[in-house]
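Source file: my_file.txt (compact mmCIF, C-alpha atoms)
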```
# COMPACT_ATOMS: atom_id res chain seq x y z
CA MET A 17 -10.06 -15.63 -22.91
CA ASN A 18 -9.57 -17.21 -19.53
CA GLY A 19 -7.58 -15.82 -16.60
CA THR A 20 -4.52 -17.94 -17.26
CA GLU A 21 -4.36 -16.82 -20.90
CA ALA A 22 -4.74 -13.18 -19.84
CA ILE A 23 -1.95 -13.40 -17.25
CA ARG A 24 0.27 -15.25 -19.72
CA THR A 25 -0.36 -12.54 -22.34
CA VAL A 26 0.25 -9.63 -19.97
CA MET A 27 3.41 -11.13 -18.48
CA SER A 28 4.84 -11.79 -21.97
CA LEU A 29 4.69 -8.04 -22.66
CA VAL A 30 5.94 -6.46 -19.42
CA ASP A 31 9.63 -6.29 -20.38
CA ASP A 32 11.58 -5.23 -17.26
CA ALA A 33 8.69 -3.42 -15.53
CA ALA A 34 8.09 -3.90 -11.82
CA VAL A 35 4.88 -5.88 -11.34
CA VAL A 36 2.89 -5.95 -8.09
CA HIS A 37 0.64 -9.02 -8.03
CA ALA A 38 -2.58 -9.17 -6.03
CA ASN A 39 -3.00 -12.06 -3.62
CA GLY A 40 -4.77 -15.33 -4.37
CA TYR A 41 -5.17 -16.70 -7.85
CA ILE A 42 -3.19 -13.90 -9.51
CA CYS A 43 0.01 -14.47 -7.53
CA ARG A 44 -0.14 -18.21 -7.89
CA GLU A 45 -0.99 -18.24 -11.57
CA SER A 46 1.66 -15.67 -12.47
CA PHE A 47 4.30 -17.53 -10.46
CA GLN A 48 3.38 -20.64 -12.44
CA VAL A 49 3.45 -18.79 -15.78
CA GLY A 50 6.96 -17.47 -15.15
CA ASP A 51 8.77 -16.32 -12.04
CA ARG A 52 10.87 -13.15 -12.35
CA GLU A 53 12.73 -10.98 -9.85
CA PRO A 54 10.80 -7.71 -10.42
CA ASN A 55 7.58 -9.54 -9.45
CA PHE A 56 6.23 -8.60 -6.04
CA TYR A 57 3.90 -11.39 -4.97
CA MET A 58 1.53 -9.95 -2.39
CA ILE A 59 0.50 -13.19 -0.69
CA GLY A 60 -1.68 -11.60 2.01
CA SER A 61 -3.05 -8.10 2.72
CA MET A 62 -5.94 -8.36 0.27
CA GLY A 63 -6.95 -5.03 -1.23
CA LEU A 64 -3.53 -3.41 -0.98
CA ALA A 65 -1.96 -4.30 -4.35
CA SER A 66 -2.92 -0.94 -5.84
CA SER A 67 -1.67 1.11 -2.89
CA ILE A 68 1.60 -0.85 -2.83
CA GLY A 69 1.95 -0.26 -6.56
CA LEU A 70 1.32 3.45 -6.11
CA GLY A 71 4.00 3.62 -3.40
CA VAL A 72 6.51 1.89 -5.69
CA ALA A 73 5.58 4.12 -8.64
CA MET A 74 6.00 7.30 -6.59
CA SER A 75 9.33 6.29 -5.10
CA ARG A 76 10.73 5.03 -8.44
CA PRO A 77 9.37 7.56 -10.97
CA GLY A 78 11.80 6.40 -13.65
CA LYS A 79 10.55 2.81 -13.49
CA LYS A 80 7.42 1.46 -15.18
CA VAL A 81 5.21 -0.10 -12.51
CA ILE A 82 2.32 -2.46 -13.28
CA VAL A 83 -0.28 -3.52 -10.75
CA LEU A 84 -1.78 -6.88 -11.66
CA ASP A 85 -4.95 -6.61 -9.63
CA GLY A 86 -8.10 -8.66 -9.28
CA ASP A 87 -11.74 -7.55 -9.25
CA GLY A 88 -12.15 -8.67 -5.63
CA ASN A 89 -9.04 -6.78 -4.57
CA LEU A 90 -10.13 -3.64 -6.39
CA LEU A 91 -13.68 -3.69 -5.01
CA MET A 92 -12.26 -4.01 -1.50
CA SER A 93 -10.36 -0.72 -1.82
CA MET A 94 -12.05 1.45 -4.41
CA GLY A 95 -10.71 4.52 -2.64
CA ASN A 96 -7.31 3.59 -4.00
CA LEU A 97 -8.56 4.55 -7.47
CA ALA A 98 -9.02 8.10 -6.21
CA MET A 99 -5.61 8.07 -4.54
CA ILE A 100 -3.89 6.89 -7.73
CA ALA A 101 -5.79 9.37 -9.91
CA ALA A 102 -4.95 12.26 -7.58
CA ALA A 103 -1.27 11.35 -7.35
CA ALA A 104 -1.28 10.75 -11.13
CA PRO A 105 2.01 8.83 -11.49
CA ALA A 106 2.84 8.71 -15.22
CA ASN A 107 4.68 5.40 -14.74
CA LEU A 108 1.74 3.39 -13.33
CA LEU A 109 -0.37 0.93 -15.31
CA HIS A 110 -3.20 -0.70 -13.37
CA VAL A 111 -4.42 -3.96 -14.90
CA VAL A 112 -7.40 -5.76 -13.39
CA ILE A 113 -7.95 -9.41 -14.23
CA ASP A 114 -11.72 -9.55 -13.81
CA ASN A 115 -13.22 -13.05 -13.56
CA GLU A 116 -16.22 -11.78 -11.54
CA VAL A 117 -15.54 -14.28 -8.75
CA TYR A 118 -13.33 -14.85 -5.72
CA GLU A 119 -11.79 -17.75 -7.52
CA SER A 120 -9.23 -19.05 -5.06
CA THR A 121 -11.82 -19.41 -2.27
CA GLY A 122 -14.41 -21.33 -4.29
CA SER A 123 -15.64 -18.92 -6.97
CA GLN A 124 -18.09 -16.90 -4.91
CA LYS A 125 -19.45 -13.96 -6.91
CA THR A 126 -17.97 -10.47 -6.73
CA LEU A 127 -19.92 -7.37 -7.81
CA SER A 128 -17.94 -6.70 -10.97
CA GLY A 129 -20.56 -8.36 -13.18
CA SER A 130 -22.86 -5.40 -12.49
CA VAL A 131 -20.39 -2.54 -11.93
CA ARG A 132 -18.29 -1.09 -14.76
CA LEU A 133 -14.96 -0.79 -13.00
CA GLU A 134 -13.14 0.90 -15.89
CA GLU A 135 -15.74 3.70 -15.89
CA ILE A 136 -15.04 4.29 -12.20
CA ALA A 137 -11.32 4.54 -12.94
CA ARG A 138 -12.00 6.96 -15.79
CA ALA A 139 -14.30 9.12 -13.65
CA SER A 140 -11.72 9.09 -10.86
CA GLY A 141 -9.23 10.71 -13.22
CA TYR A 142 -6.96 8.01 -14.66
CA ARG A 143 -5.43 9.41 -17.86
CA CYS A 144 -6.81 6.51 -19.84
CA ALA A 145 -9.05 3.56 -19.09
CA GLY A 146 -10.39 0.72 -21.18
CA ARG A 147 -11.44 -2.89 -21.25
CA ALA A 148 -10.33 -5.97 -23.17
CA SER A 149 -12.35 -9.16 -23.57
CA ASP A 150 -10.21 -11.05 -26.07
CA ILE A 151 -6.50 -11.67 -26.45
CA GLU A 152 -5.98 -9.49 -29.53
CA THR A 153 -7.61 -6.49 -27.85
CA LEU A 154 -5.64 -7.17 -24.68
CA LYS A 155 -2.33 -7.23 -26.56
CA ARG A 156 -3.10 -4.00 -28.41
CA ALA A 157 -4.52 -2.08 -25.43
CA PHE A 158 -1.81 -3.23 -23.04
CA GLY A 159 0.93 -2.33 -25.52
CA GLU A 160 -0.53 1.14 -26.02
CA MET A 161 -1.01 1.79 -22.31
CA LEU A 162 2.49 0.59 -21.51
CA GLU A 163 3.86 3.31 -23.81
CA ALA A 164 1.42 6.07 -22.84
CA ALA A 165 1.71 8.36 -19.82
CA GLY A 166 -0.31 6.96 -16.92
CA PRO A 167 -1.97 6.37 -14.71
CA ALA A 168 -3.70 3.96 -17.06
CA PHE A 169 -6.35 1.37 -16.24
CA LEU A 170 -7.09 -1.79 -18.19
CA LEU A 171 -9.96 -4.06 -17.21
CA VAL A 172 -9.44 -7.56 -18.59
CA LYS A 173 -12.66 -9.57 -18.66
CA VAL A 174 -11.87 -13.28 -18.34
CA SER A 175 -13.54 -16.57 -17.61
CA PRO A 176 -12.39 -18.35 -14.45
CA SER A 177 -9.62 -20.87 -15.03
CA PHE A 178 -8.07 -21.57 -11.68
CA ASP A 179 -6.67 -25.02 -11.19
CA PRO A 180 -6.46 -25.79 -7.46
CA ALA A 181 -3.42 -27.90 -8.25
CA THR A 182 -1.52 -24.71 -9.13
CA GLY A 183 1.13 -24.33 -6.49
CA ARG A 184 1.73 -21.44 -4.15
CA VAL A 185 4.63 -19.04 -4.46
CA THR A 186 7.57 -20.96 -3.03
CA HIS A 187 9.83 -18.00 -2.16
CA SER A 188 9.62 -16.75 1.40
CA PRO A 189 8.11 -13.28 1.83
CA GLU A 190 11.53 -11.89 2.76
CA GLU A 191 13.04 -13.40 -0.39
CA ILE A 192 10.28 -11.88 -2.51
CA LYS A 193 11.04 -8.50 -0.96
CA ARG A 194 14.81 -8.68 -1.34
CA ARG A 195 14.68 -9.78 -4.98
CA PHE A 196 12.13 -7.12 -5.86
CA MET A 197 14.01 -4.30 -4.13
CA LYS A 198 17.22 -5.26 -5.89
CA ALA A 199 15.48 -5.48 -9.25
CA VAL A 200 13.83 -2.05 -9.04
CA ALA A 201 16.82 -0.22 -7.51
CA GLY A 202 19.18 1.87 -9.60
CA MET B 10 5.90 20.17 23.75
CA ILE B 11 7.67 19.03 20.58
CA SER B 12 7.78 21.37 17.60
CA SER B 13 6.05 19.76 14.61
CA GLN B 14 8.33 21.63 12.24
CA LYS B 15 11.51 20.47 13.96
CA PHE B 16 10.22 16.92 14.31
CA ILE B 17 9.54 16.58 10.57
CA GLU B 18 12.94 18.13 9.80
CA GLN B 19 14.59 15.59 12.11
CA LEU B 20 12.74 12.73 10.42
CA GLN B 21 14.05 13.93 7.06
CA ALA B 22 17.55 14.15 8.51
CA ASP B 23 17.14 10.57 9.77
CA GLY B 24 16.43 9.42 6.23
CA PHE B 25 12.64 9.35 6.04
CA GLY B 26 11.57 10.38 2.55
CA PHE B 27 7.90 9.40 2.12
CA PHE B 28 4.96 10.59 4.20
CA THR B 29 1.31 9.61 4.14
CA GLY B 30 -1.55 9.42 6.58
CA VAL B 31 -5.11 10.02 7.68
CA PRO B 32 -5.44 13.14 9.85
CA CYS B 33 -6.09 13.52 13.56
CA SER B 34 -6.41 16.81 15.42
CA LEU B 35 -3.67 15.73 17.85
CA LEU B 36 -1.32 15.50 14.86
CA SER B 37 -2.63 18.60 13.07
CA GLY B 38 0.66 20.45 13.50
CA LEU B 39 2.56 17.66 11.74
CA PHE B 40 0.00 17.54 8.93
CA ALA B 41 0.26 21.31 8.49
CA VAL B 42 4.01 20.99 7.97
CA LEU B 43 3.56 18.11 5.52
CA GLU B 44 0.88 19.93 3.53
CA ASN B 45 2.69 23.25 3.34
CA GLN B 46 6.25 22.20 2.71
CA SER B 47 6.83 21.29 -0.91
CA ASP B 48 10.15 19.54 -0.29
CA VAL B 49 8.40 16.87 1.81
CA PRO B 50 6.79 14.15 -0.32
CA TYR B 51 3.35 13.75 1.27
CA ILE B 52 0.25 12.06 -0.12
CA PRO B 53 -3.05 11.84 1.80
CA ALA B 54 -4.25 8.25 2.24
CA VAL B 55 -7.96 7.43 1.84
CA ARG B 56 -7.87 5.02 4.75
CA GLU B 57 -5.20 3.83 7.16
CA ASP B 58 -4.62 0.45 5.50
CA ALA B 59 -4.16 2.19 2.14
CA GLY B 60 -1.48 4.21 3.91
CA VAL B 61 0.17 0.99 5.07
CA GLY B 62 0.16 -0.23 1.46
CA LEU B 63 1.61 3.05 0.19
CA CYS B 64 4.38 2.90 2.77
CA ALA B 65 5.15 -0.72 1.90
CA GLY B 66 5.46 0.25 -1.76
CA ALA B 67 7.61 3.27 -0.96
CA TYR B 68 9.97 1.10 1.08
CA LEU B 69 10.16 -1.44 -1.76
CA GLY B 70 11.07 1.47 -4.01
CA GLY B 71 13.87 2.57 -1.69
CA LYS B 72 12.29 5.23 0.56
CA LEU B 73 11.90 5.13 4.32
CA PRO B 74 8.19 5.76 4.97
CA VAL B 75 6.16 7.47 7.70
CA LEU B 76 2.44 6.86 8.33
CA LEU B 77 0.43 9.28 10.47
CA MET B 78 -2.92 8.16 11.85
CA GLN B 79 -5.35 8.17 14.73
CA ASN B 80 -5.60 5.05 16.91
CA SER B 81 -9.12 4.54 15.52
CA GLY B 82 -7.42 3.28 12.34
CA ILE B 83 -5.64 0.34 13.97
CA GLY B 84 -8.38 -2.13 13.10
CA TYR B 85 -8.15 -1.33 9.41
CA CYS B 86 -4.38 -1.88 9.51
CA LEU B 87 -4.09 -5.12 11.44
CA ASN B 88 -4.39 -7.44 8.46
CA ALA B 89 -1.85 -5.33 6.58
CA PHE B 90 0.60 -5.27 9.48
CA THR B 91 0.29 -9.01 10.14
CA SER B 92 0.13 -10.38 6.58
CA LEU B 93 2.39 -7.80 4.91
CA ASN B 94 4.78 -5.79 7.11
CA LEU B 95 5.58 -8.43 9.71
CA ILE B 96 6.14 -11.33 7.30
CA TYR B 97 8.01 -9.47 4.51
CA LYS B 98 9.86 -7.30 7.05
CA LEU B 99 8.64 -3.99 5.65
CA PRO B 100 9.34 -1.23 8.16
CA VAL B 101 7.37 1.96 8.60
CA LEU B 102 7.37 4.65 11.26
CA VAL B 103 3.78 4.94 12.48
CA ILE B 104 2.89 8.15 14.29
CA MET B 105 -0.36 7.26 16.02
CA SER B 106 -2.42 9.64 18.13
CA TRP B 107 -3.76 8.14 21.35
CA ARG B 108 -7.34 9.37 21.52
CA GLY B 109 -9.30 8.21 24.56
CA TYR B 110 -6.23 8.05 26.78
CA GLY B 111 -7.25 7.60 30.41
CA GLY B 112 -10.94 7.37 29.45
CA ASN B 113 -11.11 11.11 29.02
CA ASP B 114 -12.37 11.83 25.52
CA ALA B 115 -15.44 11.65 23.26
CA PRO B 116 -17.40 8.37 23.62
CA GLU B 117 -16.25 6.93 20.29
CA HIS B 118 -12.63 7.01 21.46
CA ILE B 119 -13.00 5.41 24.89
CA VAL B 120 -12.95 1.71 23.98
CA MET B 121 -10.02 1.96 21.56
CA GLY B 122 -8.18 4.33 23.89
CA ASP B 123 -8.30 1.62 26.52
CA ILE B 124 -7.03 -1.20 24.29
CA ASN B 125 -4.78 0.28 21.59
CA GLU B 126 -1.58 -0.50 23.46
CA LYS B 127 -2.71 -4.07 24.14
CA ILE B 128 -3.56 -4.55 20.46
CA LEU B 129 -0.08 -3.43 19.38
CA GLU B 130 1.42 -5.69 22.07
CA THR B 131 -0.67 -8.70 21.01
CA ALA B 132 0.14 -8.21 17.33
CA GLY B 133 3.86 -8.06 18.09
CA LEU B 134 4.18 -4.49 16.87
CA PRO B 135 6.99 -2.55 18.62
CA HIS B 136 5.80 0.76 20.05
CA ALA B 137 6.49 3.47 22.63
CA VAL B 138 4.79 6.57 23.96
CA LEU B 139 6.66 9.63 22.66
CA THR B 140 7.08 12.62 24.96
CA ALA B 141 9.18 15.78 24.84
CA ASP B 142 11.37 14.26 27.57
CA ASN B 143 12.07 10.86 26.00
CA GLU B 144 12.18 11.94 22.34
CA ARG B 145 15.86 11.24 21.82
CA ASP B 146 15.80 7.74 23.38
CA VAL B 147 12.53 6.68 21.81
CA MET B 148 13.61 7.81 18.36
CA ARG B 149 16.89 5.93 18.73
CA THR B 150 14.94 2.73 19.50
CA ALA B 151 12.53 3.45 16.64
CA LEU B 152 15.37 3.91 14.15
CA GLU B 153 17.11 0.73 15.32
CA THR B 154 13.88 -1.22 14.91
CA ILE B 155 13.13 0.25 11.49
CA LYS B 156 16.60 0.24 9.95
CA GLY B 157 18.09 -2.69 11.85
CA GLU B 158 15.24 -5.16 12.20
CA GLU B 159 13.14 -3.88 9.30
CA LEU B 160 10.02 -3.88 11.47
CA PRO B 161 7.32 -1.22 11.88
CA PHE B 162 7.63 1.02 14.93
CA THR B 163 4.68 2.92 16.37
CA LEU B 164 5.00 6.18 18.28
CA LEU B 165 1.94 6.71 20.48
CA ILE B 166 1.13 10.40 20.78
CA LYS B 167 -0.93 11.78 23.65
CA LYS B 168 -2.75 15.09 23.46
CA GLY B 169 -0.39 18.06 23.81
CA THR B 170 2.75 16.24 22.65
CA PHE B 171 2.97 18.37 19.49
CA ASP B 172 1.81 21.89 18.80
CA GLU B 173 -1.70 21.57 17.37
CA ARG B 174 -3.26 23.79 14.73
CA HIS B 175 -6.87 22.87 15.14
```
Conversion result in structure tokens:
Amino acid sequence: MNGTEAIRTVMSLVDDAAVVHANGYICRESFQVGDREPNFYMIGSMGLASSIGLGVAMSRPGKKVIVLDGDGNLLMSMGNLAMIAAAAPANLLHVVIDNEVYESTGSQKTLSGSVRLEEIARASGYRCAGRASDIETLKRAFGEMLEAAGPAFLLVKVSPSFDPATGRVTHSPEEIKRRFMKAVAG
Amino acid sequence: MISSQKFIEQLQADGFGFFTGVPCSLLSGLFAVLENQSDVPYIPAVREDAGVGLCAGAYLGGKLPVLLMQNSGIGYCLNAFTSLNLIYKLPVLVIMSWRGYGGNDAPEHIVMGDINEKILETAGLPHAVLTADNERDVMRTALETIKGEELPFTLLIKKGTFDERH
């Protein structure tokens, strides 16, 4: 399973959930796969996707919130795992697309090849945590976690697949915000 | 001196409904109110930039957020302020203690105490020093900036501004 296939699979199953996308490859790939209003594309502020997602989940407890994170983003702010576990929002599902590299800057290695990120989430206190390395497992695990009370953590091991020709998100940051706020309100 | 209790109550009356932060002794009275009052949604942040992210998310979810921190946390927040809050127009009220003001503090606070105002200025982050005397005017400006322009506003807090419980 490569990153594009994983993002395509996840985004086909999210229904009307709010999805916070980490910067870099994840934003760009997901925008390419299918733009939707309840997508928050975090184009900068690396490391903050999970804290933004937690803020959304806490302020909209009736709304399912998914963080589509990357291994580089997660490693940059591991403390956020503790913050999410302590706040324990039942409506939060944290998905990490783990390609073991900083793909959008030239595929420099991250540390996730030697650190079991899902075990850290579990030890932090997420209600459930697991990993998926093929599409069938991803579909099953994601479907189960989407239904279960969170916070849940799903590590998705993928091979790099970034095509530099993939465009950037074309909406302005203010547009991204306005659309998202409207979609998650009410 | 401003009462921490009354200040938090006023913030709630002004529409603020989400509080997070990293503690400072100068703000210990405010933190005591946040920790002890169950009707105030407060979550401790692990680091200041995580607090910025939390506040951004809370605003996206429809809450007006408040972030409390010491000026030593500015560096961690600058990328978040410049590549998130300022470009998406995500407002937050930042209550920032001014350690090292006037060069009179522990050594680790002196350098930042000398430059924190210049950093906010350079980054284009609206701010004002809050005192018991200017509270009404400064808060009016802060609310206009936050609700009207959707920009962050930073209140700089010198020692003795609030009752401290430390």
Open item on the list: Should the cut-off be 9 Å, what would the residue list for chain A against chain B look like, counting all atoms listed in the file, as a VMD selection string?
Closed with: chain A and resid 58 to 76 93 95 to 96 98 to 99 103 188 to 194 196 to 197 200 to 201
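Computed from the coordinates, the CA of Val120 (chain B) to CA of Leu102 (chain B) distance equals 24.2 Å.
Between Asp31 (chain A) and the candidates A:Asp179, A:Glu53, A:Glu135, A:Asp150, the tightest atom-to-atom separation, counting all atoms listed in the file, involves A:Glu53.
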Kindly compute an axis-aligned box around the listed atoms of region 34-45 of chain A, allowing 3 Å on each side, and express its centre and edge lengths in Å to one decimal as lines of an AutoDock Vina configuration file.
```
center_x = 1.5
center_y = -11.1
center_z = -7.7
size_x = 19.3
size_y = 20.3
size_z = 14.2
```
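Note that CA of Lys15 (chain B) and CA of Asn45 (chain B) are 14.1 Å apart.
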